[in-house]
>>> print(open('target-v7.cif').read())   # mmCIF, C-alpha atoms
data_structure
#
loop_
_atom_site.label_atom_id
_atom_site.label_comp_id
_atom_site.auth_asym_id
_atom_site.auth_seq_id
_atom_site.Cartn_x
_atom_site.Cartn_y
_atom_site.Cartn_z
CA MET A 23 158.45 38.41 -29.28
CA ASP A 24 160.89 37.02 -26.75
CA GLN A 25 160.38 37.41 -23.02
CA ASP A 26 163.32 39.78 -22.44
CA HIS A 27 162.02 42.18 -25.04
CA ALA A 28 158.50 42.03 -23.55
CA ARG A 29 159.86 42.94 -20.11
CA SER A 30 161.89 45.91 -21.40
CA VAL A 31 159.04 47.44 -23.38
CA PRO A 32 156.43 49.12 -21.18
CA HIS A 33 152.85 48.13 -21.63
CA ALA A 34 150.80 50.60 -23.65
CA ALA A 35 148.29 51.09 -20.85
CA ASP A 36 151.06 51.91 -18.36
CA THR A 37 152.62 54.41 -20.75
CA LEU A 38 149.30 56.12 -21.44
CA LEU A 39 148.34 56.38 -17.79
CA ASN A 40 151.90 57.25 -16.67
CA LYS A 41 151.52 54.95 -13.71
CA GLN A 42 154.13 54.95 -11.01
CA ALA A 43 154.47 52.35 -8.34
CA THR A 44 153.07 53.49 -5.03
CA PRO A 45 154.30 51.94 -1.82
CA ALA A 46 151.78 49.63 -0.25
CA ARG A 47 150.23 50.74 3.02
CA PRO A 48 150.97 48.38 5.88
CA ILE A 49 148.08 46.30 7.15
CA ALA A 50 149.83 43.97 9.57
CA TYR A 51 150.48 45.39 13.02
CA ASN A 52 153.88 47.03 13.41
CA GLU A 53 154.54 48.13 16.99
CA ALA A 54 157.49 50.39 16.11
CA LEU A 55 155.45 52.16 13.43
CA ALA A 56 152.44 52.46 15.73
CA PHE A 57 154.58 54.02 18.49
CA LYS A 58 156.24 56.32 15.95
CA ILE A 59 152.78 57.55 14.88
CA CYS A 60 151.80 58.07 18.53
CA GLU A 61 155.02 59.97 19.23
CA ARG A 62 154.61 62.28 16.23
CA PHE A 63 150.98 62.88 17.18
CA GLY A 64 152.08 63.74 20.71
CA ASN A 65 154.54 66.27 19.27
CA GLY A 66 151.67 68.21 17.72
CA GLU A 67 151.35 66.79 14.22
CA SER A 68 147.86 66.01 13.02
CA LEU A 69 146.98 62.34 12.78
CA GLU A 70 145.53 62.87 9.30
CA ALA A 71 148.80 64.38 8.03
CA ILE A 72 150.89 61.58 9.55
CA LEU A 73 148.73 58.82 8.09
CA ALA A 74 148.63 60.50 4.67
CA GLU A 75 152.37 59.99 4.23
CA PRO A 76 153.71 57.09 2.15
CA GLY A 77 154.44 53.99 4.16
CA MET A 78 151.86 54.82 6.84
CA PRO A 79 148.73 52.75 7.45
CA GLU A 80 145.29 54.00 6.57
CA GLU A 81 143.33 55.58 9.39
CA GLU A 82 141.03 52.57 9.62
CA THR A 83 144.02 50.25 10.01
CA PHE A 84 145.58 52.43 12.70
CA CYS A 85 142.27 52.53 14.57
CA ARG A 86 142.12 48.71 14.41
CA TRP A 87 145.69 48.53 15.79
CA ARG A 88 144.63 50.68 18.74
CA VAL A 89 141.62 48.43 19.43
CA GLU A 90 143.57 45.19 19.14
CA HIS A 91 146.77 46.22 20.95
CA LYS A 92 146.42 47.66 24.44
CA GLU A 93 149.92 49.16 24.58
CA THR A 94 149.33 51.10 21.35
CA ALA A 95 145.96 52.28 22.67
CA ARG A 96 147.57 53.36 25.95
CA GLN A 97 150.43 55.12 24.15
CA PHE A 98 148.04 56.93 21.80
CA ARG A 99 145.70 57.94 24.66
CA ALA A 100 148.65 59.33 26.65
CA LYS A 101 149.91 61.28 23.64
CA LYS A 102 146.39 62.49 22.86
CA ASP A 103 145.97 63.70 26.46
CA LEU A 104 149.34 65.43 26.24
CA HIS A 105 148.40 66.93 22.86
CA GLU A 106 145.11 68.28 24.29
CA MET A 107 146.81 69.59 27.42
CA LEU A 108 149.44 71.42 25.35
CA ALA A 109 146.75 72.87 23.09
CA GLU A 110 144.83 74.09 26.14
CA GLN A 111 147.98 75.62 27.62
CA LYS A 112 148.72 77.33 24.30
CA LYS A 113 145.20 78.73 24.22
CA GLU A 114 145.54 79.98 27.81
CA LEU A 115 148.89 81.62 27.00
CA GLU A 116 147.40 83.38 23.98
CA LEU A 117 144.49 84.59 26.10
CA GLN A 118 146.93 85.78 28.78
CA LYS A 119 148.96 87.63 26.12
CA LYS A 120 145.82 89.36 24.89
CA GLN A 121 144.91 90.33 28.45
CA ASP A 122 148.45 91.56 29.10
CA LEU A 123 148.38 93.64 25.92
CA SER A 124 145.04 95.18 26.79
CA GLU A 125 146.27 95.95 30.30
CA ALA A 126 149.60 97.24 29.00
CA ARG A 127 147.79 99.74 26.82
CA TYR A 128 147.00 101.99 29.79
CA ARG A 129 150.21 103.10 31.44
CA ALA A 130 149.59 106.81 32.11
CA ARG A 131 151.80 108.51 34.65
CA PRO A 132 150.14 109.97 37.72
CA TRP A 133 149.04 113.51 36.93
CA GLU A 134 151.01 114.89 39.89
CA GLU A 135 154.18 113.80 38.02
CA VAL A 136 153.02 115.29 34.73
CA TYR A 137 151.88 118.73 35.99
CA PRO A 138 155.45 120.05 36.57
CA MET A 139 156.30 119.24 32.93
CA ILE A 140 153.18 120.58 31.22
CA GLY A 141 151.53 122.95 33.63
CA SER A 142 149.03 122.95 36.46
CA PRO A 143 145.30 122.35 36.11
CA PRO A 144 143.39 125.41 34.82
CA VAL A 145 141.21 125.58 37.93
CA LEU A 146 140.47 129.01 39.39
CA SER A 147 140.24 129.51 43.16
CA THR A 148 136.46 129.90 42.81
CA GLU A 149 136.12 126.55 40.96
CA ASN A 150 135.92 122.99 42.22
CA ALA A 151 139.35 121.31 41.86
CA GLN A 152 137.84 117.84 42.45
CA ALA A 153 135.42 118.36 39.53
CA TYR A 154 138.40 119.06 37.25
CA ALA A 155 140.25 116.00 38.61
CA ASP A 156 137.18 113.84 37.91
CA LEU A 157 136.93 115.22 34.36
CA LEU A 158 140.64 114.53 33.73
CA THR A 159 140.32 111.00 35.14
CA ALA A 160 137.32 110.30 32.90
CA PHE A 161 139.22 111.53 29.81
CA THR A 162 142.29 109.49 30.78
CA GLU A 163 140.28 106.29 31.27
CA MET A 164 138.40 106.81 28.02
CA LEU A 165 141.39 107.70 25.82
CA GLN A 166 143.97 105.47 27.54
CA PRO A 167 147.19 107.32 26.67
CA GLN A 168 150.14 105.05 25.97
CA ASP A 169 152.92 107.62 26.27
CA ILE A 170 153.59 111.09 27.61
CA MET A 171 152.62 112.79 24.33
CA ALA A 172 149.22 111.12 24.37
CA GLN A 173 148.84 112.06 28.01
CA ILE A 174 149.57 115.71 27.16
CA LEU A 175 146.87 115.57 24.49
CA VAL A 176 144.42 114.12 27.04
CA LYS A 177 145.15 117.04 29.37
CA GLN A 178 144.69 119.52 26.54
CA ALA A 179 141.31 118.00 25.72
CA ALA A 180 140.25 118.09 29.39
CA ASP A 181 141.51 121.69 29.72
CA ALA A 182 139.61 122.79 26.61
CA THR A 183 136.44 121.17 27.92
CA TRP A 184 136.95 122.78 31.34
CA ASP A 185 137.49 126.21 29.71
CA GLU A 186 134.37 125.76 27.56
CA VAL A 187 132.26 124.90 30.61
CA ARG A 188 133.68 127.94 32.42
CA ALA A 189 132.89 130.21 29.43
CA GLY A 190 129.33 128.90 29.35
CA ARG A 191 128.97 129.45 33.08
CA GLU A 192 130.33 133.01 32.86
CA LYS A 193 128.14 133.76 29.87
CA THR A 194 125.03 132.95 31.86
CA GLN A 195 126.31 134.83 34.91
CA VAL A 196 126.66 138.17 33.06
CA PRO A 197 122.91 138.63 32.49
CA GLU A 198 122.24 137.34 36.01
CA ARG A 199 124.56 139.97 37.52
CA ALA A 200 122.96 142.72 35.41
CA TYR A 201 119.55 141.62 36.59
CA GLN A 202 120.72 141.56 40.24
CA GLU A 203 122.01 145.16 39.97
#
>>> encode(input="target-v7.cif", output="structure tokens")
Amino acid sequence: MDQDHARSVPHAADTLLNKQATPARPIAYNEALAFKICERFGNGESLEAILAEPGMPEEETFCRWRVEHKETARQFRAKKDLHEMLAEQKKELELQKKQDLSEARYRARPWEEVYPMIGSPPVLSTENAQAYADLLTAFTEMLQPQDIMAQILVKQAADATWDEVRAGREKTQVPERAYQE
């Protein structure tokens, strides 16, 4: 078999294994590549993902570059610090958003503004108005209405509770009055 024919026919082992050429990973120090890795890492990409790409050094090689070359080590440390600072800021912003959302949940109008729209408190002149106000405040804090409709429902629940307490009080007063007479 001549040499040209041997070069044009793939080896049987290569055909069976369907091998494809893979680019070699760099071993020798390359400052531009090292700084490019540092820059991408500083922009939020994971080091593992960057180094897994074709044409990038293995992690062990990159670590050796950082040990042997002070400027690469300094660049990576600066980007790592920036990366950690940005991650911390992102975490703080997410926490702030959660706090803002939990605080935003309770935006009830003052009851003095709502009474003209839905009616006055069901407090008789012989009853304690402050006790009703305390009951309404407790219901409002517990149920945390987010709009006027929810606030109306809170008042209805407080009113129904107030009326039930009044009915119970009056129910016990009837036998007491009969006994007094």
>>> closest_residue(input="target-v7.cif", among="A:Ser68, A:Lys119, A:Glu82, A:Lys92", to="A:His105", atoms="all atoms listed in the file")
A:Ser68
>>> closest_residue(input="target-v7.cif", among="A:Asp156, A:Glu67, A:Glu90, A:Glu134", to="A:Lys102", atoms="only C-alpha atoms")
A:Glu67
>>> closest_residue(input="target-v7.cif", among="A:Ile170, A:Ala182, A:Leu108, A:Cys60", to="A:Arg96", atoms="only C-alpha atoms")
A:Cys60
>>> closest_residue(input="target-v7.cif", among="A:Tyr137, A:Ile72, A:Lys58, A:Glu80", to="A:Ala46", atoms="only C-alpha atoms")
A:Glu80
>>> closest_atom_pairs(input="target-v7.cif", of="stretch 153-200 of chain A", to="stretch 129-133 of chain A", cutoff="9 Å", atoms="only C-alpha atoms", output="JSON lines")
{"residue": "A:Thr162", "atom": "CA", "partner": "A:Ala130", "partner_atom": "CA", "distance": 7.9}
{"residue": "A:Gln166", "atom": "CA", "partner": "A:Ala130", "partner_atom": "CA", "distance": 7.4}
{"residue": "A:Pro167", "atom": "CA", "partner": "A:Ala130", "partner_atom": "CA", "distance": 6.0}
{"residue": "A:Gln168", "atom": "CA", "partner": "A:Arg129", "partner_atom": "CA", "distance": 5.8}
{"residue": "A:Asp169", "atom": "CA", "partner": "A:Ala130", "partner_atom": "CA", "distance": 6.8}
{"residue": "A:Ile170", "atom": "CA", "partner": "A:Ala130", "partner_atom": "CA", "distance": 7.4}
{"residue": "A:Ala172", "atom": "CA", "partner": "A:Ala130", "partner_atom": "CA", "distance": 8.9}
{"residue": "A:Gln173", "atom": "CA", "partner": "A:Ala130", "partner_atom": "CA", "distance": 6.7}
>>> atom_distance(input="target-v7.cif", atom1="atom CA of A:Asp181", atom2="atom CA of A:Thr148")
16.3 Å
>>> atom_distance(input="target-v7.cif", atom1="atom CA of A:Gln202", atom2="atom CA of A:Ala153")
27.5 Å
>>> residues_around(input="target-v7.cif", residues="A:Leu158", least_positions_apart="4", cutoff="8 Å", atoms="all atoms listed in the file", output="ChimeraX atom specification")
/A:154,162,176-177,180
>>> build_atoms(input="target-v7.cif", residues="stretch 146-181 of chain A", atoms="N, CA and C atoms", output="PDB file, in the frame of the given file")
ATOM      1  N   LEU A 146     140.427 127.763  38.635  1.00  0.00           N
ATOM      2  CA  LEU A 146     140.470 129.010  39.390  1.00  0.00           C
ATOM      3  C   LEU A 146     140.138 128.739  40.848  1.00  0.00           C
ATOM      4  N   SER A 147     140.479 129.696  41.726  1.00  0.00           N
ATOM      5  CA  SER A 147     140.240 129.510  43.160  1.00  0.00           C
ATOM      6  C   SER A 147     138.746 129.428  43.468  1.00  0.00           C
ATOM      7  N   THR A 148     137.907 129.946  42.585  1.00  0.00           N
ATOM      8  CA  THR A 148     136.460 129.900  42.810  1.00  0.00           C
ATOM      9  C   THR A 148     135.825 128.625  42.237  1.00  0.00           C
ATOM     10  N   GLU A 149     136.642 127.769  41.601  1.00  0.00           N
ATOM     11  CA  GLU A 149     136.120 126.550  40.960  1.00  0.00           C
ATOM     12  C   GLU A 149     136.454 125.320  41.793  1.00  0.00           C
ATOM     13  N   ASN A 150     135.778 124.243  41.494  1.00  0.00           N
ATOM     14  CA  ASN A 150     135.920 122.990  42.220  1.00  0.00           C
ATOM     15  C   ASN A 150     137.073 122.165  41.620  1.00  0.00           C
ATOM     16  N   ALA A 151     138.184 122.056  42.335  1.00  0.00           N
ATOM     17  CA  ALA A 151     139.350 121.310  41.860  1.00  0.00           C
ATOM     18  C   ALA A 151     139.036 119.821  41.695  1.00  0.00           C
ATOM     19  N   GLN A 152     138.188 119.267  42.556  1.00  0.00           N
ATOM     20  CA  GLN A 152     137.840 117.840  42.450  1.00  0.00           C
ATOM     21  C   GLN A 152     137.035 117.577  41.178  1.00  0.00           C
ATOM     22  N   ALA A 153     136.196 118.520  40.774  1.00  0.00           N
ATOM     23  CA  ALA A 153     135.420 118.360  39.530  1.00  0.00           C
ATOM     24  C   ALA A 153     136.368 118.280  38.335  1.00  0.00           C
ATOM     25  N   TYR A 154     137.415 119.117  38.334  1.00  0.00           N
ATOM     26  CA  TYR A 154     138.400 119.060  37.250  1.00  0.00           C
ATOM     27  C   TYR A 154     139.146 117.718  37.285  1.00  0.00           C
ATOM     28  N   ALA A 155     139.543 117.276  38.472  1.00  0.00           N
ATOM     29  CA  ALA A 155     140.250 116.000  38.610  1.00  0.00           C
ATOM     30  C   ALA A 155     139.386 114.844  38.098  1.00  0.00           C
ATOM     31  N   ASP A 156     138.093 114.882  38.393  1.00  0.00           N
ATOM     32  CA  ASP A 156     137.180 113.840  37.910  1.00  0.00           C
ATOM     33  C   ASP A 156     137.074 113.869  36.390  1.00  0.00           C
ATOM     34  N   LEU A 157     137.004 115.077  35.825  1.00  0.00           N
ATOM     35  CA  LEU A 157     136.930 115.220  34.360  1.00  0.00           C
ATOM     36  C   LEU A 157     138.205 114.668  33.725  1.00  0.00           C
ATOM     37  N   LEU A 158     139.358 115.005  34.267  1.00  0.00           N
ATOM     38  CA  LEU A 158     140.640 114.530  33.730  1.00  0.00           C
ATOM     39  C   LEU A 158     140.752 113.013  33.847  1.00  0.00           C
ATOM     40  N   THR A 159     140.304 112.461  34.957  1.00  0.00           N
ATOM     41  CA  THR A 159     140.320 111.000  35.140  1.00  0.00           C
ATOM     42  C   THR A 159     139.424 110.320  34.113  1.00  0.00           C
ATOM     43  N   ALA A 160     138.247 110.879  33.882  1.00  0.00           N
ATOM     44  CA  ALA A 160     137.320 110.300  32.900  1.00  0.00           C
ATOM     45  C   ALA A 160     137.948 110.320  31.501  1.00  0.00           C
ATOM     46  N   PHE A 161     138.564 111.438  31.118  1.00  0.00           N
ATOM     47  CA  PHE A 161     139.220 111.530  29.810  1.00  0.00           C
ATOM     48  C   PHE A 161     140.370 110.522  29.712  1.00  0.00           C
ATOM     49  N   THR A 162     141.141 110.403  30.773  1.00  0.00           N
ATOM     50  CA  THR A 162     142.290 109.490  30.780  1.00  0.00           C
ATOM     51  C   THR A 162     141.828 108.043  30.632  1.00  0.00           C
ATOM     52  N   GLU A 163     140.792 107.664  31.362  1.00  0.00           N
ATOM     53  CA  GLU A 163     140.280 106.290  31.270  1.00  0.00           C
ATOM     54  C   GLU A 163     139.690 106.012  29.894  1.00  0.00           C
ATOM     55  N   MET A 164     139.026 107.004  29.327  1.00  0.00           N
ATOM     56  CA  MET A 164     138.400 106.810  28.020  1.00  0.00           C
ATOM     57  C   MET A 164     139.445 106.745  26.904  1.00  0.00           C
ATOM     58  N   LEU A 165     140.423 107.615  26.916  1.00  0.00           N
ATOM     59  CA  LEU A 165     141.390 107.700  25.820  1.00  0.00           C
ATOM     60  C   LEU A 165     142.621 106.818  26.004  1.00  0.00           C
ATOM     61  N   GLN A 166     142.879 106.388  27.223  1.00  0.00           N
ATOM     62  CA  GLN A 166     143.970 105.470  27.540  1.00  0.00           C
ATOM     63  C   GLN A 166     145.292 105.840  26.869  1.00  0.00           C
ATOM     64  N   PRO A 167     145.918 106.922  27.293  1.00  0.00           N
ATOM     65  CA  PRO A 167     147.190 107.320  26.670  1.00  0.00           C
ATOM     66  C   PRO A 167     148.279 106.282  26.913  1.00  0.00           C
ATOM     67  N   GLN A 168     149.100 106.064  25.874  1.00  0.00           N
ATOM     68  CA  GLN A 168     150.140 105.050  25.970  1.00  0.00           C
ATOM     69  C   GLN A 168     151.529 105.651  26.149  1.00  0.00           C
ATOM     70  N   ASP A 169     151.645 106.960  26.043  1.00  0.00           N
ATOM     71  CA  ASP A 169     152.920 107.620  26.270  1.00  0.00           C
ATOM     72  C   ASP A 169     152.666 109.039  26.737  1.00  0.00           C
ATOM     73  N   ILE A 170     153.743 109.758  27.039  1.00  0.00           N
ATOM     74  CA  ILE A 170     153.590 111.090  27.610  1.00  0.00           C
ATOM     75  C   ILE A 170     152.941 112.054  26.616  1.00  0.00           C
ATOM     76  N   MET A 171     153.229 111.898  25.328  1.00  0.00           N
ATOM     77  CA  MET A 171     152.620 112.790  24.330  1.00  0.00           C
ATOM     78  C   MET A 171     151.105 112.601  24.308  1.00  0.00           C
ATOM     79  N   ALA A 172     150.657 111.376  24.338  1.00  0.00           N
ATOM     80  CA  ALA A 172     149.220 111.120  24.370  1.00  0.00           C
ATOM     81  C   ALA A 172     148.608 111.647  25.659  1.00  0.00           C
ATOM     82  N   GLN A 173     149.350 111.551  26.742  1.00  0.00           N
ATOM     83  CA  GLN A 173     148.840 112.060  28.010  1.00  0.00           C
ATOM     84  C   GLN A 173     148.718 113.585  27.978  1.00  0.00           C
ATOM     85  N   ILE A 174     149.666 114.252  27.323  1.00  0.00           N
ATOM     86  CA  ILE A 174     149.570 115.710  27.160  1.00  0.00           C
ATOM     87  C   ILE A 174     148.323 116.073  26.366  1.00  0.00           C
ATOM     88  N   LEU A 175     148.060 115.306  25.313  1.00  0.00           N
ATOM     89  CA  LEU A 175     146.870 115.570  24.490  1.00  0.00           C
ATOM     90  C   LEU A 175     145.582 115.344  25.294  1.00  0.00           C
ATOM     91  N   VAL A 176     145.588 114.357  26.172  1.00  0.00           N
ATOM     92  CA  VAL A 176     144.420 114.120  27.040  1.00  0.00           C
ATOM     93  C   VAL A 176     144.201 115.338  27.928  1.00  0.00           C
ATOM     94  N   LYS A 177     145.292 115.862  28.509  1.00  0.00           N
ATOM     95  CA  LYS A 177     145.150 117.040  29.370  1.00  0.00           C
ATOM     96  C   LYS A 177     144.653 118.234  28.570  1.00  0.00           C
ATOM     97  N   GLN A 178     145.145 118.408  27.360  1.00  0.00           N
ATOM     98  CA  GLN A 178     144.690 119.520  26.540  1.00  0.00           C
ATOM     99  C   GLN A 178     143.185 119.413  26.250  1.00  0.00           C
ATOM    100  N   ALA A 179     142.738 118.201  25.971  1.00  0.00           N
ATOM    101  CA  ALA A 179     141.310 118.000  25.720  1.00  0.00           C
ATOM    102  C   ALA A 179     140.487 118.299  26.975  1.00  0.00           C
ATOM    103  N   ALA A 180     140.960 117.826  28.125  1.00  0.00           N
ATOM    104  CA  ALA A 180     140.250 118.090  29.390  1.00  0.00           C
ATOM    105  C   ALA A 180     140.262 119.591  29.697  1.00  0.00           C
ATOM    106  N   ASP A 181     141.410 120.255  29.476  1.00  0.00           N
ATOM    107  CA  ASP A 181     141.510 121.690  29.720  1.00  0.00           C
ATOM    108  C   ASP A 181     140.556 122.476  28.820  1.00  0.00           C
TER     109      ASP A 181
END
